[in-house]
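Data block below; observations after.
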Protein chains: 4
Amino acid sequence: MTRVAVVGATGYAGAELVRILAGHPKVKLAALTSRQHSGKIFSHVYPSMAGIVDMPCEEFSADSLAESVDLIFMALPHKLPMEIVPLLLRKGMRIIDLSADFRFLDVTLYETHYQPHTCPELLKKAVYGLCEVYTEKIRSADIIGNPGCYPTCTLLPLIPLIKAGLIETERIIVDSKSGVSGAGRSPSLTTHHCEVNESFKAYKVADHRHNPEMDEVLSREADKPMHVTFVPHLVPMTRGMETTIYATLKNQAGKEQIRNCIREFYKGRPFVRLRSEGIAADTLHVKGTNFCDIGIHVDQAAKMVVLTSAIDNLVKGAAGQAVQNMNIMLGLDETLGLMAVPYPL
Amino acid sequence: MTRVAVVGATGYAGAELVRILAGHPKVKLAALTSRQHSGKIFSHVYPSMAGIVDMPCEEFSADSLAESVDLIFMALPHKLPMEIVPLLLRKGMRIIDLSADFRFLDVTLYETHYQPHTCPELLKKAVYGLCEVYTEKIRSADIIGNPGCYPTCTLLPLIPLIKAGLIETERIIVDSKSGVSGAGRSPSLTTHHCEVNESFKAYKVADHRHNPEMDEVLSREADKPMHVTFVPHLVPMTRGMETTIYATLKNQAGKEQIRNCIREFYKGRPFVRLRSEGIAADTLHVKGTNFCDIGIHVDQAAKMVVLTSAIDNLVKGAAGQAVQNMNIMLGLDETLGLMAVPYPL
Amino acid sequence: MTRVAVVGATGYAGAELVRILAGHPKVKLAALTSRQHSGKIFSHVYPSMAGIVDMPCEEFSADSLAESVDLIFMALPHKLPMEIVPLLLRKGMRIIDLSADFRFLDVTLYETHYQPHTCPELLKKAVYGLCEVYTEKIRSADIIGNPGCYPTCTLLPLIPLIKAGLIETERIIVDSKSGVSGAGRSPSLTTHHCEVNESFKAYKVADHRHNPEMDEVLSREADKPMHVTFVPHLVPMTRGMETTIYATLKNQAGKEQIRNCIREFYKGRPFVRLRSEGIAADTLHVKGTNFCDIGIHVDQAAKMVVLTSAIDNLVKGAAGQAVQNMNIMLGLDETLGLMAVPYPL
Amino acid sequence: MTRVAVVGATGYAGAELVRILAGHPKVKLAALTSRQHSGKIFSHVYPSMAGIVDMPCEEFSADSLAESVDLIFMALPHKLPMEIVPLLLRKGMRIIDLSADFRFLDVTLYETHYQPHTCPELLKKAVYGLCEVYTEKIRSADIIGNPGCYPTCTLLPLIPLIKAGLIETERIIVDSKSGVSGAGRSPSLTTHHCEVNESFKAYKVADHRHNPEMDEVLSREADKPMHVTFVPHLVPMTRGMETTIYATLKNQAGKEQIRNCIREFYKGRPFVRLRSEGIAADTLHVKGTNFCDIGIHVDQAAKMVVLTSAIDNLVKGAAGQAVQNMNIMLGLDETLGLMAVPYPL
C-alpha cells in the first residue's frame with residue numbers, strides 16, 4: 001500500500017481526491033491537510049462522507065508528511081505549491097500538483113500569466129500529466145504538473161489530429177463550457193446560486209490562463225508555434241465540461257479519417273471514448289467519471305471538423321487524472337480506483 | 001456468483017439497478033429486459049455506461065430467464081409484476097419486485113388504491129423489504145415487495161419511536177419532497193424541464209398511494225390502526241428525497257431520548273446515519289448512496305419532535321434497497337456493492 | 001408624483017424595489033443608496049437594467065434624502081433601520097421598512113430574537129404591513145414594518161380561518177420552502193451554487209426568527225396566545241416560496257366552508273388567488289408577481305385541513321408588498337405598478 | 001385598438017405572445033386558438049395568468065378570425081402556416097408567422113431543409129422580420145416571416161460588420177447555446193428534467209435548419225454567397241440564448257472600430273445594447289426582455305474578433321420580436337408593450 005496525503009483536502013478538487021483515494025485498493029490515505037478546516041473531521045466539512053472518511057484535517061507540515069507518506073497530492077491555489085514542493089522533493093516524496101505551478105516548460109510563459117516562479121529549475125524535471133499522451137514520462141516522474149481542466153478537455157481530442165497533420169494548425173477555435181465547481185468552493189458572487197441559475201455567459205474571453213497552457217503543449221506536439229482562440233463559458237450546473245473545437249481540415253481528410261486517427265491514438269486507453277456516429281459528447285454521460293467522451297462531426301461546406309469533448313471537470317479535469325497519474329507512476333493498472341460503474345443520470 | 005436479471009432495465013430504477021449490480025462483486029448480471037428498448041445495447045440507452053455495460057436489452061421471457069438466472073429484480077410499473085411473478089416463482093426464481101404489487105398484506109387496501117389483485121394468495125408469502133426493520137423475514141423470502149421511496153424515507157425515522165412509545169400515534173404529519181427522477185423516465189408535462197425548473201409544489205395532497213402503504217406498516221408496528229397525514233412535493237432537482245415529520249412527544253420524552261432510541265434501533269446497521277446535534281438531513285449528502293440520514297429537533301413550546309430524513313430516491317428509495325434486500329437474502333454482507341465512497345458534491 | 005428613495009438598493013430586495021418603482025406610474029425614483037456600491041451606476045450592479053435605471057447609487061444621508069424624497073423604502077439588514085428611522089420620521093418622511101425592526105408590537109419578543117431595540121416607543125406607532133389584513137391602519141401609517149416572507153406566506157391563508165374559528169389554534173404545522181434569493185446577495189457557502197444545486201434541506205428547524213413574528217400576529221388575531229411549529233427549507237431555485245400548513249378542523253368544518261371563508265375574506269383583493277378544486281399552489285405560477293396563490297385540501301381521515309400557499313419571496317414576500325403598502329398609504333389603487341401580466345414560465 | 005389573435009396560443013411562444021399582447025396598450029387580444037386545449041380557459045393551461053387572461057382557447061377558424069381580428073400571430077409548427085396563410089391574407093388580415101414557412105426567399109432552400117412549399121409565390125411578398133435590419137420593409141408588409149431564435153441572436157451582431165466589410169466572410173464560427181424552452185412544450189426525452197439537468201451538449205452539429213436561414217440572410221447582406229459553421233447547444237435552463245461568434249478581422253480593424261460600427265448601426269434602436277468594455281453578454285441580463293446584448297472582444301494573436309450576444313429565446317427570439325414587428329407594421333413606437341423594467345435576477 002502506498003501511503004498518500006492530500007494537501008488542500010477541503011477544496012472541491014481536494015475533496016474529490018479524498019473520495020477517489022478513500023476507495024482506492026492500493027493506497028492508504030495517510031494524511032489530509034487544510035488551512036481553513038484544520039482540526040476538523042473531514043466528514044464534518046463534507047457530510048456525505050460521514051462514517052466513511054472520518055479522519056481529521058491537519059495543518060500542513062513537511063516534516064510530519066515526510067514521516068507518514070510516500071506520495072503527495074497538492075490541491076492548493078497556484079503560488080503556494082512552488083514554495084513547498086522543493087522541500088518535499090528533497091525529503092524523497094513524489095508529488096502530483098494540481099495547480100499551474102509545474103505545468104509549463106517555459107518559465108517566462110508562466111511568469112507572464114501568473115507570477116515570478118520561485119523554483120524554475122524544477123520545470124524541466126516536472127512532467128505535464130496528460131495521462132494518455134505523456135504516459136512514458138509520467139512513469140518515472142517525481143513531480144507532475146496535473147493539467148488544467150480546459151486543457152485536458154481540449155488537448156485530448158486535438159493532439160492526435162495535430163500529430164497526424166489532418167488539420168490546419170492555424171485558426172483553431174476552442175469554445176468551452178464549464179460547470180460551476182470549476183470556480184472552487186470559496187463563495188463569491190460568481191458562484192452565488194441566484195447569479196448562476198438561468199445564466200449562461202462567456203468570461204475571460206481570449207484571456208484565460210489555460211490558453212497559454214494549451215498553446216505550449218500544442219506547439220510542442222506540432223513542433224511549431226501554435227495559438228488557439230479559447231473562450232470559456234459558465235454553465236448553470238455543478239459538474240461537467242464540454243468543449244466544441246473547430247478546425248480546418250487538411251489534405252482532404254474526411255470524417256472517417258478523423259475518427260480512425262483518434263481511435264487509433266487512444267487504442268487500449270480506457271478513459272477516452274468515441275461517441276457513435278452523429279452523436280455529440282454530453283457532460284451528463286461523464287458525470288462523476290474519469291472518461292473523456294469525444295464526438296466527431298464535419299461541416300463539409302466549410303471544410304471544417306467539429307469536435308465535441310466532455311469530461312467531469314473535477315475528475316478527468318482534476319482529481320481523477322491526478323489519481324490516474326499516480327497509478328501510472330506506481331506501475332499500477334491506470335484504471336485502479338477510477339472504474340466505478342457510472343450513474344445512469 | 002448469483003446470476004441475476006433486471007426486468008424493466010431501462011427505466012430509471014431499472015438503470016440504477018444495472019449500475020449497482022454491474023459493480024457488485026458477488027453477482028453476474030445475466031439478463032436485462034426492456035419492452036421499449038428490446039434489441040438495443042443497454043449503453044445506447046444510457047451512454048454513460050458505454051464500455052461498461054454493453055449487454056443487449058431483451059424481450060421478457062419467463063422461460064429464458066428461468067434458464068439463465070437465479071434471482072430477478074422487477075422494475076416494472078405496478079400491475080405487470082403480479083401477472084408474471086407467480087410463474088417465475090414456480091420456476092424457482094427468487095424475486096425482488098420494486099412495484100407496489102407485493103407491498104401490502106391487506107389485499108383490499110391494495111385493491112382500493114390500485115386495481116384488483118390477480119394473485120392475492122402471494123401477499124402473505126411476500127415480505128415487505130424494509131431492510132433494517134424486517135431483516136429476519138427477508139433472509140428467507142422468495143418474493144420481496146420492495147418499499148416505495150416515500151415510505152422508506154418516512155418509516156425508517158418513525159418506526160423506532162412508534163415501537164418505543166415515545167410519540168403519539170395520532171396527528172403525525174409527513175411532509176415529503178422528492179426530486180424529479182421519482183416520476184420515472186417517460187416524458188410528461190410534469191417532468192418537462194421548463195415546468196419543473198423554478199417550480200416547487202405539492203401534489204396528490206393527502207391522496208398519494210404511498211399513504212396507505214405507510215399506514216399499513218405503521219399500524220402493524222404500533223399494533224393499532226394508524227393514519228398519518230402525508231403530502232408529497234416536487235423539487236426541481238434530479239435525485240433526492242427529504243421528509244420532515246412532525247409528531248407529538250409522549251411521556252415527556254426529550255431530544256436525547258429520541259436520539260438514543262433511534263441510535264439504538266439502528267445500531268450496527270451501516271445505512272442509517274444520525275446527523276449531528278442541530279443539523280438537519282440534506283439530500284446532497286446522500287446523493288448516489290444507499291444512506292438514510294436522520295436529523296432530530298424538538299419544538300419545546302409545542303411538545304413536538306421534528307424529524308428530518310434524506311435518501312436518494314433511486315438508491316435507498318428503490319434500487320439500492322433492492323440490492324440490499326438481495327444481499328440479505330443471499331446471506332451476504334448487506335453493504336456489498338453499495339459502499340462506494342460518496343461524492344463530496 | 002411621489003418622490004421615493006430606496007435605501008439599500010443593491011441587495012436583492014432593494015433591487016426588486018427599484019424594478020417595481022422604476023415602472024410605477026405615480027412615483028419618481030429620486031434616490032438610491034448603497035453602502036457597498038456607492039458611487040456606481042445602479043445598472044452596473046444589475047446589468048439587466050442597463051438603459052433603464054442608470055441612476056447612481058449614493059451614500060446614505062438623512063439630510064439629503066429629506067430634501068429630495070417624500071417616502072423611503074428601507075431594504076437594510078435589521079438593526080440598521082432602527083438607528084436611522086427616528087431621524088427620518090422627524091424630518092417628515094414616511095417609511096416602509098423591510099427589516100424586522102418595526103414588525104413587532106412586543107419589544108421583548110424582538111429583543112429576545114434579535115437585539116436590544118433602540119427606539120421601542122416607535123413600535124406602537126408602526127403598522128405591520130400585511131396589506132390585505134391591516135389595510136385601514138396602513139392608510140394612515142408613517143412607519144410600516146413590512147412583513148417577513150415566511151410570515152406573509154403563512155398568515156394570508158391562516159388568518160381567515162383563525163378569525164372564523166374554523167380550525168384549532170393548537171398544533172398547527174407550518175412547513176415552508178424558500179428559493180435561494182431569500183438568503184440575500186452576500187456570497188456564502190449556503191448560497192454557493194454547488195452546495196445548493198441538488199440539495200434540499202431544512203434549516204433553523206423550529207428556531208427561525210420568523211416564528212415569533214407569525215406567533216405574535218396570530219395571537220393578536222386569535223385573541224389568545226398562539227404558537228405554530230415552523231420549519232423552513234431551502235429549495236434549489238432562485239425565486240419562490242411555498243408553504244404547506246396543517247391544521248385540525250373544528251366544528252365539523254369541511255372543504256367548502258374553508259374555501260368560502262378564505263374567498264370571502266379576500267373578496268375584492270386582487271393579489272390573493274384561490275386555486276381550483278384539487279390543485280395545490282405552485283411557485284412557478286407566482287414567479288415575478290405580487291400574487292399569493294392558495295390551495296385547499298382536506299385529509300378527512302385525520303380531520304385536517306392542508307393549505308398550500310405560494311408567493312414570490314422577493315415580491316409579495318418583500319418588495320411587492322412594500323409597494324402595495326405604499327399604494328395604500330398614498331390612497332392609490334393598491335395594484336399600481338404591480339400588475340404586469342405574469343410570465344407563462 | 002388593433003384587434004389581434006394568437007393562433008397556437010398554448011405553446012411556449014404562443015403563451016409568451018399572449019403575455020405581451022395582454023399588456024399592450026394599443027391592442028385588443030380578440031382570439032386565442034389551440035388545437036390541443038380548445039375549449040379550455042387559457043389560464044387553466046397557464047395558471048400564472050389566472051385572473052388576468054381568462055379567455056377561452058378556440059378551434060382555429062379562418063372565417064371567425066376574419067370577423068373579429070385585424071392581425072394574426074401564428075405560433076404553429078412549420079408546414080401548418082403555409083396551408084392557411086393564403087386564405088387569411090385574402091380575407092385582408094396581416095400576418096406575423098413565427099414558423100419557418102415565410103422566412104426564406106429561395107424556395108429550394110426551404111424545400112431542401114423542410115418540405116415542399118405550398119404557396120411559394122408568397123415568399124417574395126413576405127418580409128423577413130429582423131426588426132432592426134429590415135424596418136422599412138416591415139412597415140408595409142402583410143406577411144412577416146418572424147426570424148428564428150438562433151438567426152436573430154447571430155445576425156444582429158454579425159450584419160453590421162459584414163456590411164461594413166470589417167470581417168472576412170469566410171470561416172465564421174457560430175457557437176450557440178439555448179435554454180430548454182426553445183424545444184417547445186411537447187414533452188420528450190430531450191426536455192425531460194432529469195436528462196437536461198447537469199447536462200450540456202451540442203446537437204444537430206453543423207446540421208440545424210437555422211443554418212441555411214442565417215446563410216441566406218448573410219449572403220444577401222454581403223452580396224455574395226456566405227456560409228457560417230453553426231453549432232447549437234442545449235443549456236440546463238429555461239430561457240435564454242447565448243451565441244459566441246468568431247470571425248477574422250479584415251483591413252486591420254481593431255476593437256474600437258468593431259464597437260463603433262455596431263454602435264452606429266443600432267443608433268436609436270432601443271433593443272440592442274452594447275455591453276461595457278471587457279464584459280461578455282449574459283443571458284441572465286436579458287431574461288424576460290426583448291433586448292439583445294452584445295459584447296465585443298478581440299484575440300489579437302489570432303486576429304479574430306469574438307462577439308458574444310444574448311437574447312431571451314422566447315422574447316427577442318420569438319414573441320417579443322413578433323410584437324416589435326407588429327408595432328412597426330402599425331406605425332407605433334416599436335417598444336410598446338415591450339419595455340417593462342427587467343428583473344434584477
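Simple scheme: letters A, B, ... for chains in C-alpha cells order, numbers from 1 for residues in each chain, numbers from 1 for ligands in the order shown.
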Would you tabulate, counting only C-alpha atoms, all residues of chain A that have an atom at most 10 Å from an atom of chain B, showing the closest pair of atoms and their distance in Å to one decimal, sorted by chain then ascending number, as a tab-separated table?
residue	atom	partner	partner_atom	distance
A:Thr10	CA	B:Pro344	CA	9.6
A:Gly11	CA	B:Pro344	CA	10.0
A:Tyr12	CA	B:Pro344	CA	7.7
A:Ala13	CA	B:Pro344	CA	9.7
A:Gly14	CA	B:Pro344	CA	9.8
A:Ala15	CA	B:Pro344	CA	6.2
A:Glu16	CA	B:Pro344	CA	6.5
A:Leu17	CA	B:Pro344	CA	9.8
A:Val18	CA	B:Pro344	CA	8.9
A:Arg19	CA	B:Val341	CA	5.8
A:Ile20	CA	B:Val341	CA	7.4
A:Leu21	CA	B:Val341	CA	9.2
A:Ala22	CA	B:Val341	CA	6.9
A:Gly23	CA	B:Val341	CA	6.1
A:His24	CA	B:Val341	CA	9.8
A:Ser43	CA	B:Pro344	CA	9.3
A:His44	CA	B:Ser276	CA	9.1
A:Val45	CA	B:Pro344	CA	9.2
A:Tyr46	CA	B:Pro344	CA	5.8
A:Pro47	CA	B:His285	CA	5.9
A:Ser48	CA	B:His285	CA	3.9
A:Met49	CA	B:Pro342	CA	5.9
A:Ala50	CA	B:Arg273	CA	8.0
A:Gly51	CA	B:Arg273	CA	8.1
A:Ile52	CA	B:Val341	CA	6.9
A:Val53	CA	B:Val341	CA	8.4
A:Ser181	CA	B:Leu345	CA	9.0
A:Asn197	CA	B:Glu198	CA	9.7
A:Glu198	CA	B:Asn197	CA	9.6
A:Thr238	CA	B:Leu345	CA	8.1
A:Arg239	CA	B:Leu345	CA	8.8
A:Pro270	CA	B:Gly51	CA	8.4
A:Phe271	CA	B:Gly51	CA	9.6
A:Arg273	CA	B:Ala50	CA	7.9
A:Leu274	CA	B:Ala50	CA	9.5
A:Arg275	CA	B:Pro47	CA	8.7
A:Ser276	CA	B:His44	CA	9.1
A:Ala281	CA	B:Pro47	CA	9.8
A:Asp282	CA	B:Ser48	CA	9.0
A:Thr283	CA	B:Ser48	CA	9.2
A:Leu284	CA	B:Ser48	CA	7.3
A:His285	CA	B:Ser48	CA	3.9
A:Val286	CA	B:Ser48	CA	5.9
A:Lys287	CA	B:Ser48	CA	8.0
A:Gly288	CA	B:Tyr343	CA	8.0
A:Thr289	CA	B:Ser48	CA	8.8
A:Phe291	CA	B:Ser48	CA	9.2
A:Asp293	CA	B:Ser48	CA	9.4
A:Met339	CA	B:Ile52	CA	9.0
A:Ala340	CA	B:Gly23	CA	6.9
A:Val341	CA	B:Arg19	CA	5.8
A:Pro342	CA	B:Met49	CA	5.9
A:Tyr343	CA	B:Arg19	CA	6.4
A:Pro344	CA	B:Tyr46	CA	5.8
A:Leu345	CA	B:Ser48	CA	8.0
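Excluding Leu234 in chain B itself and any same-chain residue fewer than 6 positions from it, the protein and nucleic acid residues within 6 Å of it, counting only C-alpha atoms, are Lys177, Ser178, Phe200 and Lys201 of chain B.
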Q.
Could you pull out the helix (DSSP H, G or I) residues of range 41-135 of chain D, going by DSSP on the backbone, and write them as a VMD selection string?
A. chain D and resid 42 to 45 47 to 49 62 to 68 80 to 90 107 to 113 122 to 125 135
Take the selection from the previous step and output its residues with N, CA and C atoms, as a short mmCIF file (atom, residue, chain, number, x, y, z; two decimals), in the first residue's frame.
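Generated file (again-v3.cif):
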data_model
loop_
_atom_site.label_atom_id
_atom_site.label_comp_id
_atom_site.auth_asym_id
_atom_site.auth_seq_id
_atom_site.Cartn_x
_atom_site.Cartn_y
_atom_site.Cartn_z
N PHE D 42 -57.69 29.85 -21.10
CA PHE D 42 -56.24 29.96 -21.27
C PHE D 42 -55.49 29.85 -19.94
N SER D 43 -56.03 30.50 -18.90
CA SER D 43 -55.32 30.49 -17.61
C SER D 43 -55.43 29.15 -16.89
N HIS D 44 -56.23 28.23 -17.41
CA HIS D 44 -56.17 26.88 -16.87
C HIS D 44 -54.97 26.13 -17.44
N VAL D 45 -54.54 26.55 -18.61
CA VAL D 45 -53.34 25.95 -19.21
C VAL D 45 -52.09 26.61 -18.63
N PRO D 47 -51.57 28.69 -15.44
CA PRO D 47 -52.22 29.24 -14.24
C PRO D 47 -51.57 30.51 -13.71
N SER D 48 -50.37 30.84 -14.15
CA SER D 48 -49.79 32.11 -13.70
C SER D 48 -50.70 33.26 -14.09
N MET D 49 -51.45 33.11 -15.18
CA MET D 49 -52.27 34.21 -15.68
C MET D 49 -53.71 34.19 -15.17
N ALA D 62 -60.79 30.27 -39.92
CA ALA D 62 -60.42 31.45 -40.69
C ALA D 62 -61.59 32.43 -40.76
N ASP D 63 -62.77 31.92 -40.94
CA ASP D 63 -63.94 32.79 -41.07
C ASP D 63 -64.16 33.59 -39.80
N SER D 64 -64.12 32.87 -38.71
CA SER D 64 -64.39 33.56 -37.46
C SER D 64 -63.30 34.58 -37.15
N LEU D 65 -62.05 34.25 -37.46
CA LEU D 65 -60.98 35.23 -37.23
C LEU D 65 -61.16 36.44 -38.13
N ALA D 66 -61.58 36.18 -39.37
CA ALA D 66 -61.74 37.30 -40.32
C ALA D 66 -62.71 38.32 -39.79
N GLU D 67 -63.67 37.86 -39.03
CA GLU D 67 -64.66 38.81 -38.49
C GLU D 67 -64.16 39.58 -37.29
N SER D 68 -63.32 38.91 -36.51
CA SER D 68 -63.02 39.51 -35.21
C SER D 68 -61.65 40.14 -35.09
N LEU D 80 -47.91 23.90 -41.14
CA LEU D 80 -49.29 24.33 -40.95
C LEU D 80 -49.52 25.75 -41.46
N PRO D 81 -48.66 26.71 -41.13
CA PRO D 81 -48.96 28.09 -41.55
C PRO D 81 -49.13 28.24 -43.06
N MET D 82 -48.27 27.63 -43.84
CA MET D 82 -48.39 27.88 -45.28
C MET D 82 -49.71 27.36 -45.84
N GLU D 83 -50.34 26.47 -45.10
CA GLU D 83 -51.63 25.97 -45.58
C GLU D 83 -52.78 26.93 -45.31
N ILE D 84 -52.62 27.81 -44.32
CA ILE D 84 -53.74 28.70 -44.01
C ILE D 84 -53.46 30.17 -44.27
N VAL D 85 -52.20 30.52 -44.41
CA VAL D 85 -51.88 31.93 -44.59
C VAL D 85 -52.50 32.53 -45.86
N PRO D 86 -52.45 31.82 -47.01
CA PRO D 86 -53.01 32.44 -48.23
C PRO D 86 -54.48 32.85 -48.03
N LEU D 87 -55.23 31.99 -47.40
CA LEU D 87 -56.64 32.28 -47.14
C LEU D 87 -56.80 33.51 -46.25
N LEU D 88 -56.01 33.55 -45.19
CA LEU D 88 -56.12 34.67 -44.25
C LEU D 88 -55.74 35.99 -44.93
N LEU D 89 -54.73 35.93 -45.77
CA LEU D 89 -54.32 37.15 -46.49
C LEU D 89 -55.45 37.62 -47.40
N ARG D 90 -56.07 36.66 -48.06
CA ARG D 90 -57.17 37.03 -48.97
C ARG D 90 -58.31 37.70 -48.21
N VAL D 107 -37.06 29.37 -52.48
CA VAL D 107 -37.95 28.27 -52.11
C VAL D 107 -37.22 26.92 -52.09
N THR D 108 -36.20 26.78 -52.93
CA THR D 108 -35.48 25.49 -52.93
C THR D 108 -34.72 25.30 -51.62
N LEU D 109 -34.24 26.37 -51.07
CA LEU D 109 -33.57 26.29 -49.78
C LEU D 109 -34.55 25.78 -48.73
N TYR D 110 -35.74 26.39 -48.71
CA TYR D 110 -36.78 25.94 -47.79
C TYR D 110 -37.10 24.47 -48.03
N GLU D 111 -37.27 24.13 -49.28
CA GLU D 111 -37.72 22.77 -49.59
C GLU D 111 -36.65 21.72 -49.31
N THR D 112 -35.40 22.12 -49.40
CA THR D 112 -34.31 21.20 -49.06
C THR D 112 -34.32 20.88 -47.57
N HIS D 113 -34.61 21.89 -46.77
CA HIS D 113 -34.47 21.69 -45.33
C HIS D 113 -35.78 21.42 -44.62
N LEU D 122 -45.82 33.36 -52.37
CA LEU D 122 -45.91 34.33 -51.27
C LEU D 122 -44.54 34.70 -50.71
N LEU D 123 -43.52 33.89 -51.01
CA LEU D 123 -42.21 34.13 -50.39
C LEU D 123 -41.64 35.48 -50.79
N LYS D 124 -41.95 35.90 -51.99
CA LYS D 124 -41.43 37.21 -52.42
C LYS D 124 -42.15 38.35 -51.70
N LYS D 125 -43.39 38.11 -51.41
CA LYS D 125 -44.21 39.10 -50.72
C LYS D 125 -43.84 39.20 -49.23
N THR D 135 -36.44 47.25 -41.11
CA THR D 135 -37.51 48.09 -40.60
C THR D 135 -38.42 48.64 -41.70
#
Q. Just asking: which residues within range 31-275 of chain B are strand (DSSP E) according to DSSP, as a PyMOL selection string?
A. chain B and resi 31-33+57-58+71-74+94-97+127-128+143-145+173-178+201-202+229-234+241-248+272-274
Near-Asp175 in chain D list (7 Å; only C-alpha atoms; drop same-chain fewer than 3 positions) as an mmCIF file with C-alpha atoms, in the first residue's frame:
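Below you can see out.cif, which holds the result:
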data_model
loop_
_atom_site.group_PDB
_atom_site.id
_atom_site.type_symbol
_atom_site.label_atom_id
_atom_site.label_comp_id
_atom_site.auth_asym_id
_atom_site.auth_seq_id
_atom_site.Cartn_x
_atom_site.Cartn_y
_atom_site.Cartn_z
ATOM 1 C CA PHE D 230 -23.176 26.771 -36.843
ATOM 2 C CA VAL D 231 -23.359 24.504 -33.807
ATOM 3 C CA PRO D 232 -26.268 24.776 -31.342
ATOM 4 C CA THR D 243 -24.076 32.987 -29.116
ATOM 5 C CA THR D 244 -20.327 33.249 -29.392
ATOM 6 C CA ILE D 245 -19.185 34.226 -32.850
#
(Q) Would you compute the distance between CA of Lys303 in chain B and CA of Thr169 in chain B? Give it in Å to one decimal. (A) 14.1 Å
With only C-alpha atoms as the counted atoms, please give the residues lying no more than 12 Å from Gln257 in chain A, apart from itself and same-chain residues fewer than 2 positions off, as a tab-separated table (two decimals) with C-alpha atoms, in the first residue's frame.
chain	number	residue	atom	x	y	z
A	160	PRO	CA	-3.99	13.13	-32.38
A	161	LEU	CA	-5.14	15.27	-35.30
A	164	ALA	CA	-1.25	13.27	-37.81
A	165	GLY	CA	-1.36	16.52	-39.76
A	166	LEU	CA	-5.06	16.14	-40.53
A	167	ILE	CA	-5.99	19.70	-39.57
A	249	LEU	CA	-9.47	20.01	-42.48
A	250	LYS	CA	-6.21	19.48	-44.34
A	251	ASN	CA	-5.29	17.16	-47.16
A	252	GLN	CA	-8.89	16.36	-47.91
A	253	ALA	CA	-9.29	14.50	-44.67
A	254	GLY	CA	-12.86	13.36	-44.03
A	255	LYS	CA	-14.87	12.23	-41.07
A	259	ARG	CA	-12.38	9.10	-36.45
A	260	ASN	CA	-9.77	6.47	-37.25
A	261	CYS	CA	-6.94	8.75	-36.25
A	262	ILE	CA	-8.42	9.43	-32.81
A	263	ARG	CA	-9.48	5.82	-32.32
A	264	GLU	CA	-6.00	4.53	-33.14
A	296	ILE	CA	-16.79	13.96	-34.38
A	297	HIS	CA	-18.68	15.97	-36.98
A	298	VAL	CA	-17.74	17.62	-40.22
A	305	VAL	CA	-14.12	19.36	-38.49
Q | Contacts of Ile143 in chain A at 7 Å (only C-alpha atoms; same-chain gap of 2+ positions) as a PyMOL selection string | A | chain A and resi 94-96+126-127+141+145
